[in-house]
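Q: For reference, the structure I am asking about is given below.
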Amino acid sequence: MRRLYKKRKFTIILGMEVYILLIPVILFSLTVHEYMHGLTAYKLGDPTPLISGRLTMNPLSHLDPVGTIMLFIARFGWAKPVPVNPFNFRNPLRDMAIVASAGPLSNLFVGILSAFLIRLFFGKGDHLFYFSDNFIFLLLFLFMQINLALTFFNLIPVPPLDGSKILLHFLPPEWRAEYIRFSSIGPLLIFGIFIFEAIFDLPIFGLIIWYPANFISRLILGTNFF
């Protein structure tokens with residue numbers, strides 16, 4: 001029997017059926033994230049996403065194997081970045097920040113919408129944990145959890161995550177070159193933190209993600225869901 005319970009301030013879901021439900025949730029969440037990157041770039045004047053075949057809602061065009069596996073394991077991950085040519089933009093630095101923002105904002109919208117649908121159909125408060133055997137509740141819960149996790153994970157300002165491109169726009173000009181040079185070690189830093197978390201059982205990324213996600217959960221639903 002599946003149940004929801006709280007451990008170390010995180011919500012844990014038990015049950016193999018959850019992993020089956022995670023498949024469409026993850027496919028949709030990653031796809032809408034990358035599609036919005038591509039659509040925003042296209043609207044700002046860059047045809048690269050269209051030419052490369054990434055302006056589509058077909059999830060097979062966007063999945064990154066490691067990032068998808070991480071979503072199943074840790075509830076946060078990533079997809080293949082949509083190729084974008086900033087030289088096609090009128091204002092490359094600003095427009096790249098807008099394109100980078102589009103992915104997390106799309107996930108934030110889906111996550112908040114899912115939370116409001118939970119409230120509409122099931123109410124608010126700690127009693128919501130008793131609905132864990134309800135298919136609709138569980139599906140909405142997973143949409144909320146995965147999309148809020150994707151939102152705040154991708155906003156971390158470490159290259160190549162979206163937050164790094166947003167931060168680059170706001171950095172003083174004299175700092176930008178150093179930050180761009182730092183981008184080459186960004187992926188190594190991310191994987192290093194993952195390994196550190198696994199060895200020492202310290203949820204570094206988890207804390208960055210779950211605190212703002214819990215704020216939204218408590219604001220809308222009156223309880224922590226992360």
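So you can find residues: chains in the structure tokens are A, B, ... in the order shown, residues in each start at 1, and ligands are numbered from 1 in order.
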Against range 16-39 of chain A, which residues of range 88-202 of chain A fall within 8 Å? For each one I want the closest pair of atoms and the distance in Å (one decimal), counting only C-alpha atoms, rows by chain and increasing residue number, as JSON lines.
A:
{"residue": "A:Val99", "atom": "CA", "partner": "A:His37", "partner_atom": "CA", "distance": 5.3}
{"residue": "A:Ala100", "atom": "CA", "partner": "A:His37", "partner_atom": "CA", "distance": 6.5}
{"residue": "A:Ser101", "atom": "CA", "partner": "A:His37", "partner_atom": "CA", "distance": 7.9}
{"residue": "A:Ala102", "atom": "CA", "partner": "A:His37", "partner_atom": "CA", "distance": 5.6}
{"residue": "A:Gly103", "atom": "CA", "partner": "A:His33", "partner_atom": "CA", "distance": 4.2}
{"residue": "A:Pro104", "atom": "CA", "partner": "A:His33", "partner_atom": "CA", "distance": 6.6}
{"residue": "A:Ser106", "atom": "CA", "partner": "A:His33", "partner_atom": "CA", "distance": 6.0}
{"residue": "A:Asn107", "atom": "CA", "partner": "A:His33", "partner_atom": "CA", "distance": 6.3}
{"residue": "A:Leu138", "atom": "CA", "partner": "A:Val18", "partner_atom": "CA", "distance": 8.0}
{"residue": "A:Leu139", "atom": "CA", "partner": "A:Leu21", "partner_atom": "CA", "distance": 6.9}
{"residue": "A:Leu142", "atom": "CA", "partner": "A:Val25", "partner_atom": "CA", "distance": 7.0}
{"residue": "A:Phe143", "atom": "CA", "partner": "A:Val25", "partner_atom": "CA", "distance": 6.0}
{"residue": "A:Ile146", "atom": "CA", "partner": "A:Ile26", "partner_atom": "CA", "distance": 7.2}
{"residue": "A:Asn147", "atom": "CA", "partner": "A:Ser29", "partner_atom": "CA", "distance": 6.3}
Q: Keeping N, CA and C atoms, export the residues of the selection given above as a CSV table (one decimal), in the first residue's frame.
A:
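Contents of out-v6.csv, as written:
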chain,number,residue,atom,x,y,z
A,99,VAL,N,15.2,34.0,-22.7
A,99,VAL,CA,15.1,32.7,-23.1
A,99,VAL,C,15.3,31.7,-22.0
A,100,ALA,N,16.4,32.0,-21.2
A,100,ALA,CA,16.7,31.1,-20.1
A,100,ALA,C,15.6,31.1,-19.0
A,101,SER,N,14.9,32.2,-18.8
A,101,SER,CA,13.8,32.4,-17.9
A,101,SER,C,12.6,31.6,-18.3
A,102,ALA,N,12.4,31.4,-19.6
A,102,ALA,CA,11.1,30.8,-20.1
A,102,ALA,C,10.9,29.4,-19.6
A,103,GLY,N,12.0,28.6,-19.5
A,103,GLY,CA,11.9,27.2,-19.1
A,103,GLY,C,11.4,27.1,-17.7
A,104,PRO,N,12.2,27.7,-16.7
A,104,PRO,CA,11.7,27.6,-15.3
A,104,PRO,C,10.4,28.2,-15.1
A,106,SER,N,7.9,28.3,-17.1
A,106,SER,CA,6.8,27.4,-17.6
A,106,SER,C,6.6,26.3,-16.5
A,107,ASN,N,7.7,25.8,-15.9
A,107,ASN,CA,7.5,24.8,-14.9
A,107,ASN,C,6.9,25.4,-13.6
A,138,LEU,N,-2.7,12.1,-6.5
A,138,LEU,CA,-1.3,11.7,-6.7
A,138,LEU,C,-0.7,12.2,-8.0
A,139,LEU,N,-1.5,12.2,-9.1
A,139,LEU,CA,-1.0,12.8,-10.3
A,139,LEU,C,-0.7,14.3,-10.2
A,142,LEU,N,2.4,14.9,-8.1
A,142,LEU,CA,3.6,14.7,-8.8
A,142,LEU,C,3.9,15.8,-9.8
A,143,PHE,N,2.9,16.3,-10.5
A,143,PHE,CA,3.0,17.5,-11.3
A,143,PHE,C,3.5,18.7,-10.6
A,146,ILE,N,7.4,17.8,-9.2
A,146,ILE,CA,8.4,17.7,-10.2
A,146,ILE,C,8.6,19.1,-10.9
A,147,ASN,N,7.5,19.8,-11.1
A,147,ASN,CA,7.7,21.1,-11.8
A,147,ASN,C,8.3,22.2,-10.9
Q: Using only C-alpha atoms, which residues sit within 12 Å of His127 in chain A once same-chain residues fewer than 3 positions away are excluded, as a PDB file with C-alpha atoms, in the first residue's frame?
A:
ATOM      1  CA  LEU A   4       2.719   9.611   2.164  1.00  0.00           C
ATOM      2  CA  TYR A   5       4.672  10.564   5.228  1.00  0.00           C
ATOM      3  CA  ARG A 119      -6.784  22.835  -3.392  1.00  0.00           C
ATOM      4  CA  PHE A 122      -9.201  18.257  -2.169  1.00  0.00           C
ATOM      5  CA  GLY A 123      -9.011  21.361   0.040  1.00  0.00           C
ATOM      6  CA  LYS A 124      -5.989  22.452   2.082  1.00  0.00           C
ATOM      7  CA  TYR A 130      -4.724  11.044   3.602  1.00  0.00           C
ATOM      8  CA  PHE A 131      -5.552  11.342  -0.127  1.00  0.00           C
ATOM      9  CA  SER A 132      -2.360   9.540  -1.159  1.00  0.00           C
ATOM     10  CA  LEU A 221      -2.163  24.293   0.338  1.00  0.00           C
ATOM     11  CA  GLY A 222      -1.442  25.144   3.965  1.00  0.00           C
ATOM     12  CA  THR A 223       1.119  22.380   4.463  1.00  0.00           C
ATOM     13  CA  ASN A 224       4.647  21.405   3.421  1.00  0.00           C
ATOM     14  CA  PHE A 225       4.724  18.907   0.585  1.00  0.00           C
TER      15      PHE A 225
END
Q: Pick from A:Phe152, A:Arg176, A:Asp46, A:Arg218: nearest to Asn91 in chain A, with only C-alpha atoms counted?
A: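 Checking each of A:Phe152, A:Arg176, A:Asp46, A:Arg218 against Asn91 in chain A, counting only C-alpha atoms, the winner is A:Asp46.
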Q: Nearest to Leu93 in chain A among A:Thr48, A:Ser164, A:Thr56, A:Asn214, with distances taken over only C-alpha atoms: which residue is it?
A: A:Ser164
Q: May I ask for the distance between CA of Pro59 in chain A and CA of Val110 in chain A, given in Å to one decimal place?
A: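 So the two atoms, CA of Pro59 in chain A and CA of Val110 in chain A, lie 16.6 Å apart.
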Q: Rank A:Pro172, A:Pro159, A:Gly111, A:Gly186 by their smallest atom-to-atom distance to Ile216 in chain A, using only C-alpha atoms, and report the top residue only.
A: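 Among the listed residues, A:Gly111 lies closest to Ile216 in chain A.
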Q: Here is a test: counting only C-alpha atoms, which residue of A:Met144, A:Leu189, A:Leu207, A:Leu63 is nearest to Val158 in chain A?
A: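 Checking each of A:Met144, A:Leu189, A:Leu207, A:Leu63 against Val158 in chain A, counting only C-alpha atoms, the winner is A:Leu189.
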Q: Would you please extract all alpha helix (DSSP H) residues from chain A, as assigned by DSSP on the backbone, and give them as a VMD selection string?
A: chain A and resid 16 to 43 48 to 51 65 to 74 92 to 122 135 to 154 162 to 170 173 to 182 186 to 200 204 to 221
Q: What separation in Å, quoted to one decimal, exists between CA of Ile208 in chain A and CA of Leu155 in chain A?
A: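 Computing the Euclidean distance for CA of Ile208 in chain A and CA of Leu155 in chain A yields 9.8 Å.
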Q: With only C-alpha atoms as the counted atoms, please give the residues lying no more than 7 Å from Pro86 in chain A, apart from itself and same-chain residues fewer than 3 positions off, as a ChimeraX atom specification.
A: /A:89,92,96
Q: With C-alpha atoms retained, write the just-selected residues as a tab-separated table (two decimals), in the first residue's frame.
A:
chain	number	residue	atom	x	y	z
A	89	PHE	CA	18.97	38.49	-31.07
A	92	PRO	CA	22.00	39.05	-27.05
A	96	MET	CA	19.41	35.08	-23.65
Q: For Ala198 in chain A, which of A:Gly53, A:His62, A:Ile73, A:Phe129 is the closest residue, counting only C-alpha atoms?
A: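 Closest candidate: A:Ile73.
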